[in-house]
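Listing of run_12.csv, CSV, C-alpha atoms
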```
chain,number,residue,atom,x,y,z
G,1,MET,CA,-78.5,-102.1,207.9
G,2,ASN,CA,-79.9,-101.1,204.5
G,3,VAL,CA,-83.7,-101.5,203.8
G,4,ILE,CA,-86.3,-100.1,201.4
G,5,ILE,CA,-89.2,-98.3,202.9
G,6,ASN,CA,-92.1,-97.2,200.6
G,7,GLY,CA,-89.7,-97.3,197.7
G,8,GLU,CA,-86.9,-95.3,199.3
G,9,ALA,CA,-83.5,-96.7,200.4
G,10,ARG,CA,-82.8,-96.1,204.1
G,11,SER,CA,-80.1,-97.1,206.5
G,12,ILE,CA,-81.2,-98.1,210.0
G,13,ASP,CA,-79.4,-99.3,213.1
G,14,GLY,CA,-79.6,-103.1,213.6
G,15,PRO,CA,-80.6,-105.4,214.9
G,16,ALA,CA,-84.2,-104.1,215.0
G,17,THR,CA,-87.8,-105.3,214.9
G,18,VAL,CA,-90.8,-104.0,213.0
G,19,GLU,CA,-92.0,-102.4,216.2
G,20,GLN,CA,-88.7,-100.6,216.7
G,21,LEU,CA,-88.7,-99.5,213.1
G,22,LEU,CA,-92.2,-97.9,213.4
G,23,GLY,CA,-91.1,-96.2,216.7
G,24,ASP,CA,-88.0,-94.8,215.0
G,25,LEU,CA,-90.2,-93.5,212.2
G,26,GLY,CA,-92.6,-91.9,214.6
G,27,LEU,CA,-95.6,-93.9,213.4
G,28,ASP,CA,-98.5,-95.3,215.4
G,29,GLY,CA,-98.6,-99.0,214.7
G,30,ARG,CA,-102.4,-99.0,215.4
G,31,LYS,CA,-103.0,-96.8,212.4
G,32,VAL,CA,-100.9,-98.4,209.7
G,33,ALA,CA,-100.3,-101.7,208.0
G,34,VAL,CA,-96.9,-103.2,207.2
G,35,GLU,CA,-95.9,-105.4,204.4
G,36,ARG,CA,-92.4,-107.0,204.5
G,37,ASN,CA,-91.1,-108.6,201.3
G,38,LEU,CA,-94.6,-108.8,199.9
G,39,GLU,CA,-95.9,-110.5,203.0
G,40,ILE,CA,-98.3,-108.9,205.5
G,41,VAL,CA,-96.8,-108.5,209.0
G,42,PRO,CA,-99.7,-109.0,211.6
G,43,LYS,CA,-99.8,-106.3,214.2
G,44,SER,CA,-99.5,-108.9,216.9
G,45,LEU,CA,-96.1,-109.8,215.6
G,46,TYR,CA,-94.5,-106.3,215.2
G,47,HIS,CA,-92.4,-106.9,218.3
G,48,ASP,CA,-91.2,-110.3,217.1
G,49,VAL,CA,-90.4,-109.9,213.5
G,50,ALA,CA,-86.7,-109.1,213.0
G,51,ILE,CA,-85.6,-106.9,210.1
G,52,GLY,CA,-83.0,-108.3,207.7
G,53,GLU,CA,-80.5,-106.7,205.3
G,54,GLY,CA,-82.2,-105.6,202.1
G,55,ASP,CA,-85.8,-106.0,203.4
G,56,LYS,CA,-88.4,-104.2,201.5
G,57,PHE,CA,-91.3,-102.6,203.4
G,58,GLU,CA,-94.6,-101.0,202.4
G,59,ILE,CA,-96.2,-99.0,205.2
G,60,VAL,CA,-99.7,-97.8,204.4
G,61,HIS,CA,-102.7,-96.1,205.9
G,62,PHE,CA,-106.1,-94.8,204.8
G,63,ILE,CA,-106.5,-91.5,203.0
G,64,GLY,CA,-109.4,-89.5,201.6
G,65,GLY,CA,-110.3,-91.4,198.6
G,66,GLY,CA,-123.4,-93.8,211.9
G,67,ALA,CA,-125.5,-91.0,210.7
G,68,PRO,CA,-129.2,-90.2,211.3
G,69,GLU,CA,-132.0,-91.9,209.3
G,70,GLY,CA,-133.3,-90.2,206.2
G,71,ALA,CA,-136.2,-88.1,207.5
G,72,GLY,CA,-138.5,-88.8,204.6
G,73,LEU,CA,-138.0,-92.5,204.2
G,74,PRO,CA,-140.0,-95.3,205.9
G,75,LYS,CA,-138.4,-96.4,209.1
G,76,ASP,CA,-138.1,-100.0,207.9
G,77,ASP,CA,-136.7,-99.1,204.5
G,78,THR,CA,-133.2,-100.1,205.3
G,79,PHE,CA,-130.3,-101.1,203.1
G,80,GLU,CA,-128.4,-104.3,203.8
G,81,VAL,CA,-125.1,-105.6,202.4
G,82,ALA,CA,-123.0,-108.5,203.6
G,83,GLY,CA,-125.2,-109.0,206.7
G,84,GLN,CA,-124.9,-105.3,207.8
G,85,THR,CA,-127.9,-103.0,207.9
G,86,PHE,CA,-127.7,-99.3,207.1
G,87,ASN,CA,-130.3,-96.5,207.1
G,88,SER,CA,-128.6,-94.3,204.4
G,89,ARG,CA,-128.5,-95.4,200.8
G,90,LEU,CA,-125.9,-92.8,200.0
G,91,LEU,CA,-122.3,-93.9,200.1
G,92,VAL,CA,-119.6,-91.3,199.8
G,93,GLY,CA,-115.9,-91.1,199.0
G,94,THR,CA,-113.3,-89.2,201.0
G,95,GLY,CA,-111.0,-87.8,198.3
G,96,LYS,CA,-110.6,-84.5,196.5
G,97,TYR,CA,-111.7,-82.3,199.4
G,98,LYS,CA,-109.7,-79.1,200.4
G,99,ASN,CA,-108.8,-80.6,203.7
G,100,PHE,CA,-109.9,-83.2,206.3
G,101,ASP,CA,-112.2,-80.7,208.0
G,102,GLU,CA,-114.2,-80.2,204.9
G,103,THR,CA,-114.2,-84.0,204.3
G,104,ALA,CA,-115.7,-84.6,207.7
G,105,ALA,CA,-118.3,-81.8,207.4
G,106,ALA,CA,-119.5,-83.0,204.0
G,107,ILE,CA,-119.8,-86.6,205.1
G,108,GLU,CA,-121.8,-85.4,208.1
G,109,ALA,CA,-124.1,-83.4,205.9
G,110,SER,CA,-124.6,-86.3,203.5
G,111,GLY,CA,-126.0,-88.6,206.2
G,112,ALA,CA,-123.9,-91.4,204.8
G,113,GLU,CA,-122.9,-94.3,207.0
G,114,ILE,CA,-120.4,-96.0,204.6
G,115,VAL,CA,-117.4,-94.1,203.4
G,116,THR,CA,-114.8,-95.3,200.9
G,117,VAL,CA,-111.1,-94.9,201.7
G,118,ALA,CA,-108.0,-95.4,199.6
G,119,VAL,CA,-104.9,-97.3,200.8
G,120,ARG,CA,-101.7,-95.3,200.3
G,121,ARG,CA,-98.1,-95.2,201.5
G,122,VAL,CA,-97.5,-93.4,204.8
G,123,ASN,CA,-95.3,-90.3,204.4
G,124,VAL,CA,-92.4,-91.6,206.6
G,125,THR,CA,-90.5,-88.3,206.3
G,126,ASP,CA,-93.4,-86.5,208.0
G,127,PRO,CA,-95.1,-88.9,210.5
G,128,ASP,CA,-97.0,-86.1,212.1
G,129,GLN,CA,-99.0,-85.5,209.0
G,130,PRO,CA,-102.8,-85.8,209.8
G,131,MET,CA,-104.6,-89.0,209.0
G,132,LEU,CA,-108.1,-89.5,207.9
G,133,VAL,CA,-109.0,-91.6,210.9
G,134,ASP,CA,-108.4,-88.5,213.1
G,135,TYR,CA,-111.2,-86.7,211.4
G,136,VAL,CA,-113.6,-89.4,210.2
G,137,ASP,CA,-114.2,-91.8,213.1
G,138,PRO,CA,-114.2,-95.5,212.0
G,139,LYS,CA,-116.3,-96.2,215.1
G,140,LYS,CA,-119.0,-93.9,213.7
G,141,TYR,CA,-118.8,-94.7,210.0
G,142,THR,CA,-118.2,-98.0,208.2
G,143,TYR,CA,-114.9,-97.7,206.3
G,144,LEU,CA,-115.0,-99.3,202.9
G,145,PRO,CA,-111.4,-99.8,201.7
G,146,ASN,CA,-111.2,-99.7,197.9
G,147,THR,CA,-108.6,-100.4,195.3
G,148,ALA,CA,-108.6,-97.0,193.6
G,149,GLY,CA,-105.6,-96.7,191.2
G,150,CYS,CA,-105.1,-100.5,190.8
G,151,PHE,CA,-104.7,-101.7,187.2
G,152,THR,CA,-104.1,-105.4,187.8
G,153,ALA,CA,-105.7,-108.1,189.8
G,154,ASP,CA,-102.5,-108.7,191.8
G,155,ASP,CA,-102.3,-105.1,192.9
G,156,ALA,CA,-105.9,-105.0,193.9
G,157,VAL,CA,-105.7,-108.2,196.0
G,158,ARG,CA,-102.4,-107.0,197.7
G,159,THR,CA,-104.0,-103.6,198.5
G,160,LEU,CA,-107.0,-105.1,200.2
G,161,ARG,CA,-104.9,-107.5,202.2
G,162,LEU,CA,-103.0,-104.5,203.5
G,163,ALA,CA,-106.3,-102.7,204.2
G,164,ARG,CA,-107.6,-105.6,206.3
G,165,GLU,CA,-104.4,-105.7,208.3
G,166,ALA,CA,-104.5,-101.9,208.8
G,167,GLY,CA,-108.1,-101.7,210.1
G,168,GLY,CA,-109.5,-105.2,210.4
G,169,TRP,CA,-112.3,-104.6,207.8
G,170,ASP,CA,-113.3,-107.4,205.5
G,171,LEU,CA,-116.1,-105.4,203.7
G,172,VAL,CA,-114.2,-104.0,200.7
G,173,LYS,CA,-114.8,-102.3,197.4
G,174,LEU,CA,-113.0,-103.9,194.5
G,175,GLU,CA,-112.1,-102.0,191.3
G,176,VAL,CA,-109.5,-103.0,188.7
G,177,LEU,CA,-109.1,-100.2,186.1
G,178,GLY,CA,-108.4,-100.7,182.4
G,179,ASP,CA,-106.6,-97.5,181.6
G,180,GLU,CA,-105.9,-94.0,182.9
G,181,LYS,CA,-107.9,-92.2,180.3
G,182,THR,CA,-111.4,-93.8,180.8
G,183,LEU,CA,-110.9,-95.5,184.2
G,184,TYR,CA,-113.3,-98.1,182.9
G,185,PRO,CA,-113.2,-101.4,184.8
G,186,LYS,CA,-111.0,-104.1,183.4
G,187,MET,CA,-113.5,-106.9,183.8
G,188,ILE,CA,-111.3,-110.0,183.1
G,189,GLU,CA,-109.0,-109.0,186.0
G,190,THR,CA,-111.9,-107.8,188.1
G,191,LEU,CA,-113.3,-111.3,187.9
G,192,GLU,CA,-109.9,-112.9,188.8
G,193,ALA,CA,-109.4,-110.6,191.8
G,194,ALA,CA,-113.0,-111.1,193.0
G,195,GLU,CA,-112.5,-114.9,193.0
G,196,ILE,CA,-109.3,-114.7,195.0
G,197,LEU,CA,-110.7,-112.2,197.6
G,198,LEU,CA,-113.9,-114.3,198.1
G,199,LYS,CA,-111.8,-117.4,198.8
G,200,GLU,CA,-110.0,-115.3,201.5
G,201,ASP,CA,-113.4,-114.4,203.1
G,202,PHE,CA,-113.5,-110.8,202.0
G,203,LYS,CA,-117.0,-109.4,201.5
G,204,VAL,CA,-116.7,-107.9,198.1
G,205,MET,CA,-118.6,-105.0,196.7
G,206,VAL,CA,-117.5,-104.7,193.1
G,207,TYR,CA,-117.2,-101.8,190.6
G,208,CYS,CA,-118.1,-103.1,187.1
G,209,SER,CA,-119.2,-102.2,183.6
G,210,ASP,CA,-123.0,-101.9,183.0
G,211,ASP,CA,-123.0,-105.3,181.3
G,212,PRO,CA,-125.8,-107.5,182.7
G,213,ILE,CA,-124.0,-110.8,181.7
G,214,LEU,CA,-120.8,-109.9,183.5
G,215,ALA,CA,-122.7,-108.5,186.5
G,216,LYS,CA,-124.5,-111.8,186.8
G,217,ARG,CA,-121.1,-113.6,186.7
G,218,LEU,CA,-119.8,-111.5,189.6
G,219,GLU,CA,-122.9,-112.3,191.6
G,220,ASP,CA,-122.6,-116.0,190.8
G,221,LEU,CA,-119.0,-115.9,192.1
G,222,GLY,CA,-120.4,-114.7,195.5
G,223,CYS,CA,-119.9,-110.9,195.4
G,224,HIS,CA,-121.9,-109.1,198.0
G,225,ALA,CA,-122.9,-106.1,195.9
G,226,ILE,CA,-122.8,-105.2,192.2
G,227,MET,CA,-121.8,-101.6,191.4
G,228,PRO,CA,-122.1,-100.7,187.7
G,229,LEU,CA,-120.9,-97.4,186.6
G,230,ALA,CA,-123.4,-94.7,185.6
G,231,ALA,CA,-120.7,-92.9,183.5
G,232,PRO,CA,-116.9,-92.6,183.6
G,233,ILE,CA,-115.4,-91.9,187.1
G,234,GLY,CA,-115.4,-88.2,187.9
G,235,SER,CA,-117.3,-87.2,184.7
G,236,GLY,CA,-120.5,-86.0,186.2
G,237,LEU,CA,-122.5,-87.2,183.1
G,238,GLY,CA,-125.2,-89.0,185.1
G,239,VAL,CA,-126.8,-92.3,184.2
G,240,GLN,CA,-125.9,-93.0,180.6
G,241,ASN,CA,-127.4,-96.5,180.2
G,242,PRO,CA,-130.6,-96.7,182.3
G,243,VAL,CA,-131.8,-99.8,180.4
G,244,ASN,CA,-128.8,-101.9,181.4
G,245,ILE,CA,-128.8,-100.6,185.0
G,246,ARG,CA,-132.5,-101.7,185.3
G,247,LEU,CA,-131.7,-105.1,183.8
G,248,ILE,CA,-128.9,-105.6,186.3
G,249,LYS,CA,-131.2,-104.7,189.1
G,250,GLU,CA,-134.0,-106.9,188.0
G,251,GLN,CA,-131.7,-110.0,187.7
G,252,SER,CA,-129.8,-109.5,190.9
G,253,ALA,CA,-130.4,-111.0,194.3
G,254,VAL,CA,-127.7,-108.9,195.9
G,255,PRO,CA,-127.7,-105.1,196.3
G,256,VAL,CA,-127.1,-103.1,193.1
G,257,LEU,CA,-125.5,-99.6,193.6
G,258,VAL,CA,-124.7,-97.1,190.9
G,259,ASP,CA,-121.1,-96.2,191.2
G,260,ALA,CA,-119.3,-93.4,189.3
G,261,GLY,CA,-120.5,-90.6,187.0
G,262,VAL,CA,-123.1,-88.9,189.1
G,263,GLY,CA,-122.9,-85.1,188.8
G,264,THR,CA,-125.9,-83.6,190.7
G,265,ALA,CA,-128.9,-84.5,192.9
G,266,SER,CA,-131.2,-85.3,189.9
G,267,ASP,CA,-128.7,-87.9,188.7
G,268,ALA,CA,-128.8,-89.6,192.1
G,269,ALA,CA,-132.6,-89.5,192.1
G,270,ILE,CA,-132.7,-91.1,188.6
G,271,ALA,CA,-130.5,-93.9,189.7
G,272,MET,CA,-132.8,-94.6,192.7
G,273,GLU,CA,-135.9,-94.4,190.6
G,274,LEU,CA,-134.5,-97.2,188.5
G,275,GLY,CA,-134.7,-99.4,191.7
G,276,CYS,CA,-131.0,-99.3,192.7
G,277,ASP,CA,-130.3,-100.0,196.3
G,278,GLY,CA,-127.9,-97.1,196.7
G,279,VAL,CA,-125.5,-94.7,195.0
G,280,LEU,CA,-121.8,-94.2,195.6
G,281,MET,CA,-120.2,-90.8,194.8
G,282,ASN,CA,-117.2,-88.6,195.6
G,283,THR,CA,-116.4,-86.0,192.9
G,284,ALA,CA,-119.9,-84.7,192.6
G,285,ILE,CA,-119.8,-83.5,196.2
G,286,ALA,CA,-116.1,-82.8,196.7
G,287,GLU,CA,-115.8,-80.6,193.5
G,288,ALA,CA,-119.0,-78.7,193.9
G,289,LYS,CA,-118.7,-75.0,194.6
G,290,ASP,CA,-120.2,-75.7,198.0
G,291,PRO,CA,-119.5,-79.3,199.0
G,292,ILE,CA,-121.6,-79.1,202.2
G,293,LYS,CA,-124.7,-77.9,200.4
G,294,MET,CA,-124.2,-80.4,197.6
G,295,ALA,CA,-123.9,-83.2,200.2
G,296,ARG,CA,-127.3,-82.2,201.6
G,297,ALA,CA,-128.7,-82.0,198.1
G,298,MET,CA,-127.5,-85.5,197.3
G,299,LYS,CA,-129.0,-86.8,200.5
G,300,ALA,CA,-132.4,-85.3,199.5
G,301,GLY,CA,-132.0,-86.6,195.9
G,302,ILE,CA,-131.4,-90.2,197.2
G,303,GLU,CA,-134.4,-90.0,199.5
G,304,ALA,CA,-136.7,-88.5,196.7
G,305,GLY,CA,-135.7,-91.1,194.2
G,306,ARG,CA,-136.2,-93.9,196.6
G,307,LEU,CA,-139.6,-92.7,197.6
G,308,ALA,CA,-140.6,-92.2,194.0
G,309,TYR,CA,-139.5,-95.8,193.2
G,310,LEU,CA,-141.5,-97.1,196.2
G,311,ALA,CA,-144.6,-95.0,195.2
G,312,GLY,CA,-144.6,-96.3,191.6
G,313,ARG,CA,-144.6,-93.7,188.9
G,314,MET,CA,-147.6,-93.0,186.7
G,315,PRO,CA,-147.6,-94.7,183.2
G,316,ARG,CA,-146.3,-92.8,180.3
G,317,LYS,CA,-149.0,-91.8,177.8
G,318,LYS,CA,-148.9,-90.7,174.2
G,319,TYR,CA,-151.6,-88.0,174.6
G,320,ALA,CA,-152.8,-85.5,177.2
G,321,ASP,CA,-155.1,-86.7,180.0
G,322,PRO,CA,-156.8,-83.8,181.9
G,323,SER,CA,-156.4,-83.7,185.6
G,324,SER,CA,-159.8,-82.2,186.2
G,325,PRO,CA,-163.0,-84.0,185.2
G,326,LEU,CA,-164.8,-82.6,182.2
G,327,ALA,CA,-168.3,-83.4,183.5
G,328,GLY,CA,-170.2,-80.4,184.8
G,329,LEU,CA,-168.0,-78.0,182.8
G,330,ILE,CA,-169.6,-74.5,182.4
```
Transcribe the structure of this file into structure tokens.
Amino acid sequence: MNVIINGEARSIDGPATVEQLLGDLGLDGRKVAVERNLEIVPKSLYHDVAIGEGDKFEIVHFIGGGAPEGAGLPKDDTFEVAGQTFNSRLLVGTGKYKNFDETAAAIEASGAEIVTVAVRRVNVTDPDQPMLVDYVDPKKYTYLPNTAGCFTADDAVRTLRLAREAGGWDLVKLEVLGDEKTLYPKMIETLEAAEILLKEDFKVMVYCSDDPILAKRLEDLGCHAIMPLAAPIGSGLGVQNPVNIRLIKEQSAVPVLVDAGVGTASDAAIAMELGCDGVLMNTAIAEAKDPIKMARAMKAGIEAGRLAYLAGRMPRKKYADPSSPLAGLI
């Protein structure tokens, strides 16, 4: 019997079920999701679904794409999204690290509780290849499946349907990219994908441009968090448009998190001083000379920025204002 698995033609012995196919491939059905002819195969039906001649399969898993409270923050200063409460306002990605050991160590050092994960094809030629779930425990951290690399609404929706089947998570990060050079969000298709996902009861955190009008439109649709970019993904340029970020925060009733473009701890602090509810980053930590130290620095930057926002900065003044009283001067 001839089938297509992850884009490659294969010949298998028939008749067979999806469960038997996974077994023959040496894959653990609990760690993957299966799509057959563009339809999700529920895990509960693996042993019932028969394979037919010419069937096309996509078999995917999560790749690198709770922690203690921040020591310096008030105990009741928690972060809530889609009904879930978190202590850490730093969200981190899982891609670009040297290996899964470094990934796990950096996440631990960051204090993050939410980690983004990408959905990719399983390497069916090497089923013993390590998987992210073996290093970053989904029982300890909240996995946030994302649609990194998706350039159409259809691909983004299909990816997150597979993600929900693979792990059961409905809290997701949606991003639909416009082109490979800028990786800016394609907002028209982002809106389209968000509407579909919300109707299917996904809890959508959405990567978007720093346009207050479009951000409000996403909130009105029902998105659970708005995530405007600080700068292009992976650029490390920091917050380029603080005015718009502040406007988005002021108008929003849902959490606003800066997503993409942070380069160092001061960038994270600036985002938090604007009043943002959190910051999501990956490259800034993973591509640092010492990712573990940078993860600690980002944790401290988030906490410092949040405390400064809560404290309320002094007003800016045009002229000097001495700190010591002039009365009694010798």
Write out as JSON lines the residues of segment 79-145 of chain G that have any atom within 12 Å of an atom of segment 245-268 of chain G, one row each with the nearest atom pair and its distance in Å to one decimal, counting only C-alpha atoms, sorted by chain and then rising number.
```
{"residue": "G:Phe79", "atom": "CA", "partner": "G:Pro255", "partner_atom": "CA", "distance": 8.3}
{"residue": "G:Glu80", "atom": "CA", "partner": "G:Pro255", "partner_atom": "CA", "distance": 7.6}
{"residue": "G:Val81", "atom": "CA", "partner": "G:Pro255", "partner_atom": "CA", "distance": 6.6}
{"residue": "G:Ala82", "atom": "CA", "partner": "G:Val254", "partner_atom": "CA", "distance": 9.0}
{"residue": "G:Gly83", "atom": "CA", "partner": "G:Val254", "partner_atom": "CA", "distance": 11.1}
{"residue": "G:Gln84", "atom": "CA", "partner": "G:Pro255", "partner_atom": "CA", "distance": 11.8}
{"residue": "G:Thr85", "atom": "CA", "partner": "G:Pro255", "partner_atom": "CA", "distance": 11.8}
{"residue": "G:Arg89", "atom": "CA", "partner": "G:Leu257", "partner_atom": "CA", "distance": 8.9}
{"residue": "G:Leu90", "atom": "CA", "partner": "G:Ala268", "partner_atom": "CA", "distance": 9.0}
{"residue": "G:Leu91", "atom": "CA", "partner": "G:Leu257", "partner_atom": "CA", "distance": 9.2}
{"residue": "G:Val92", "atom": "CA", "partner": "G:Asp259", "partner_atom": "CA", "distance": 10.0}
{"residue": "G:Gly93", "atom": "CA", "partner": "G:Ala260", "partner_atom": "CA", "distance": 10.5}
{"residue": "G:Ser110", "atom": "CA", "partner": "G:Ala265", "partner_atom": "CA", "distance": 11.6}
{"residue": "G:Thr116", "atom": "CA", "partner": "G:Asp259", "partner_atom": "CA", "distance": 11.6}
```
- Please identify all polymer residues within 7 Å of segment 177-183 of chain G, counting all atoms listed in the file, omitting same-chain residues fewer than 3 positions from it, and present them as an NGL selection string. :G and (150-151 or 186 or 232-233)
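The space between atom CA of Met227 of chain G and atom CA of Lys96 of chain G spans 21.1 Å.
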- Message: Can you measure atom CA of Val119 of chain G to atom CA of Thr147 of chain G for me? One decimal in Å is fine.
- Response: 7.3 Å
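Picture a line from atom CA of Gly29 of chain G to atom CA of Leu198 of chain G; it runs 27.3 Å.
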- Which residue out of G:Val41, G:Leu171, G:Ala16, G:Val32 has the minimum interatomic distance to Ile59 of chain G when only C-alpha atoms are used? G:Val32
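Between Ala153 of chain G and the candidates G:Glu192, G:Glu165, G:Glu219, G:Glu287, the tightest atom-to-atom separation, counting all atoms listed in the file, involves G:Glu192.
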- Task: Write out as number ranges by chain which residues come within 10 Å of Glu39 of chain G when counting only C-alpha atoms, dropping same-chain ones fewer than 3 positions away.
- Result: G: 34-36, 42, 56-58, 158, 161-162
- Task: Give the answer as one residue: which of G:Leu21, G:Ala104, G:Met205, G:Ala193 has the shortest atom-to-atom distance to Asp134 of chain G, using only C-alpha atoms?
- Result: G:Ala104
- Task: Can you pull out every residue within 7 Å of Glu273 of chain G, counting all atoms listed in the file, but drop anything in the same chain fewer than 5 positions away, and send it as a PyMOL selection string?
- Result: chain G and resi 305-306+308-309
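Distance cut-off 10 Å, centre (-132.1, -83.7, 202.6), atoms counted all atoms listed in the file; the residues meeting this are Gly70, Ala71, Gly72, Ala109, Ser110, Gly111, Lys293, Met294, Ala295, Arg296, Ala297, Met298, Lys299, Ala300, Gly301, Ile302, Glu303 and Ala304 of chain G.
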Atoms are missing here; could segment 222-233 of chain G be completed with N, CA, C and O atoms and written as a PDB file, in the coordinates of the input?
```
ATOM      1  N   GLY G 222    -120.127-114.910 194.035  1.00  0.00           N
ATOM      2  CA  GLY G 222    -120.400-114.700 195.500  1.00  0.00           C
ATOM      3  C   GLY G 222    -120.180-113.264 195.910  1.00  0.00           C
ATOM      4  O   GLY G 222    -120.173-112.996 197.120  1.00  0.00           O
ATOM      5  N   CYS G 223    -120.024-112.313 194.976  1.00  0.00           N
ATOM      6  CA  CYS G 223    -119.900-110.900 195.400  1.00  0.00           C
ATOM      7  C   CYS G 223    -121.095-110.437 196.132  1.00  0.00           C
ATOM      8  O   CYS G 223    -122.216-110.856 195.852  1.00  0.00           O
ATOM      9  N   HIS G 224    -120.885-109.544 197.081  1.00  0.00           N
ATOM     10  CA  HIS G 224    -121.900-109.100 198.000  1.00  0.00           C
ATOM     11  C   HIS G 224    -122.728-107.929 197.518  1.00  0.00           C
ATOM     12  O   HIS G 224    -123.798-107.628 198.056  1.00  0.00           O
ATOM     13  N   ALA G 225    -122.205-107.207 196.546  1.00  0.00           N
ATOM     14  CA  ALA G 225    -122.900-106.100 195.900  1.00  0.00           C
ATOM     15  C   ALA G 225    -122.333-105.833 194.562  1.00  0.00           C
ATOM     16  O   ALA G 225    -121.115-105.946 194.370  1.00  0.00           O
ATOM     17  N   ILE G 226    -123.198-105.499 193.609  1.00  0.00           N
ATOM     18  CA  ILE G 226    -122.800-105.200 192.200  1.00  0.00           C
ATOM     19  C   ILE G 226    -122.889-103.687 192.050  1.00  0.00           C
ATOM     20  O   ILE G 226    -123.917-103.078 192.361  1.00  0.00           O
ATOM     21  N   MET G 227    -121.825-103.077 191.484  1.00  0.00           N
ATOM     22  CA  MET G 227    -121.800-101.600 191.400  1.00  0.00           C
ATOM     23  C   MET G 227    -121.416-101.157 189.997  1.00  0.00           C
ATOM     24  O   MET G 227    -120.283-100.770 189.696  1.00  0.00           O
ATOM     25  N   PRO G 228    -122.399-101.191 189.090  1.00  0.00           N
ATOM     26  CA  PRO G 228    -122.100-100.700 187.700  1.00  0.00           C
ATOM     27  C   PRO G 228    -121.970 -99.224 187.649  1.00  0.00           C
ATOM     28  O   PRO G 228    -122.593 -98.481 188.412  1.00  0.00           O
ATOM     29  N   LEU G 229    -121.114 -98.784 186.747  1.00  0.00           N
ATOM     30  CA  LEU G 229    -120.900 -97.400 186.600  1.00  0.00           C
ATOM     31  C   LEU G 229    -122.113 -96.713 185.894  1.00  0.00           C
ATOM     32  O   LEU G 229    -122.779 -97.324 185.071  1.00  0.00           O
ATOM     33  N   ALA G 230    -122.388 -95.462 186.256  1.00  0.00           N
ATOM     34  CA  ALA G 230    -123.400 -94.700 185.600  1.00  0.00           C
ATOM     35  C   ALA G 230    -122.768 -93.999 184.346  1.00  0.00           C
ATOM     36  O   ALA G 230    -123.386 -93.862 183.294  1.00  0.00           O
ATOM     37  N   ALA G 231    -121.507 -93.578 184.517  1.00  0.00           N
ATOM     38  CA  ALA G 231    -120.700 -92.900 183.500  1.00  0.00           C
ATOM     39  C   ALA G 231    -119.265 -92.975 183.987  1.00  0.00           C
ATOM     40  O   ALA G 231    -119.002 -93.420 185.107  1.00  0.00           O
ATOM     41  N   PRO G 232    -118.291 -92.556 183.177  1.00  0.00           N
ATOM     42  CA  PRO G 232    -116.900 -92.600 183.600  1.00  0.00           C
ATOM     43  C   PRO G 232    -116.675 -91.912 184.968  1.00  0.00           C
ATOM     44  O   PRO G 232    -117.320 -90.900 185.267  1.00  0.00           O
ATOM     45  N   ILE G 233    -115.780 -92.461 185.760  1.00  0.00           N
ATOM     46  CA  ILE G 233    -115.400 -91.900 187.100  1.00  0.00           C
ATOM     47  C   ILE G 233    -115.114 -90.426 186.981  1.00  0.00           C
ATOM     48  O   ILE G 233    -114.303 -90.010 186.145  1.00  0.00           O
TER      49      ILE G 233
END
```
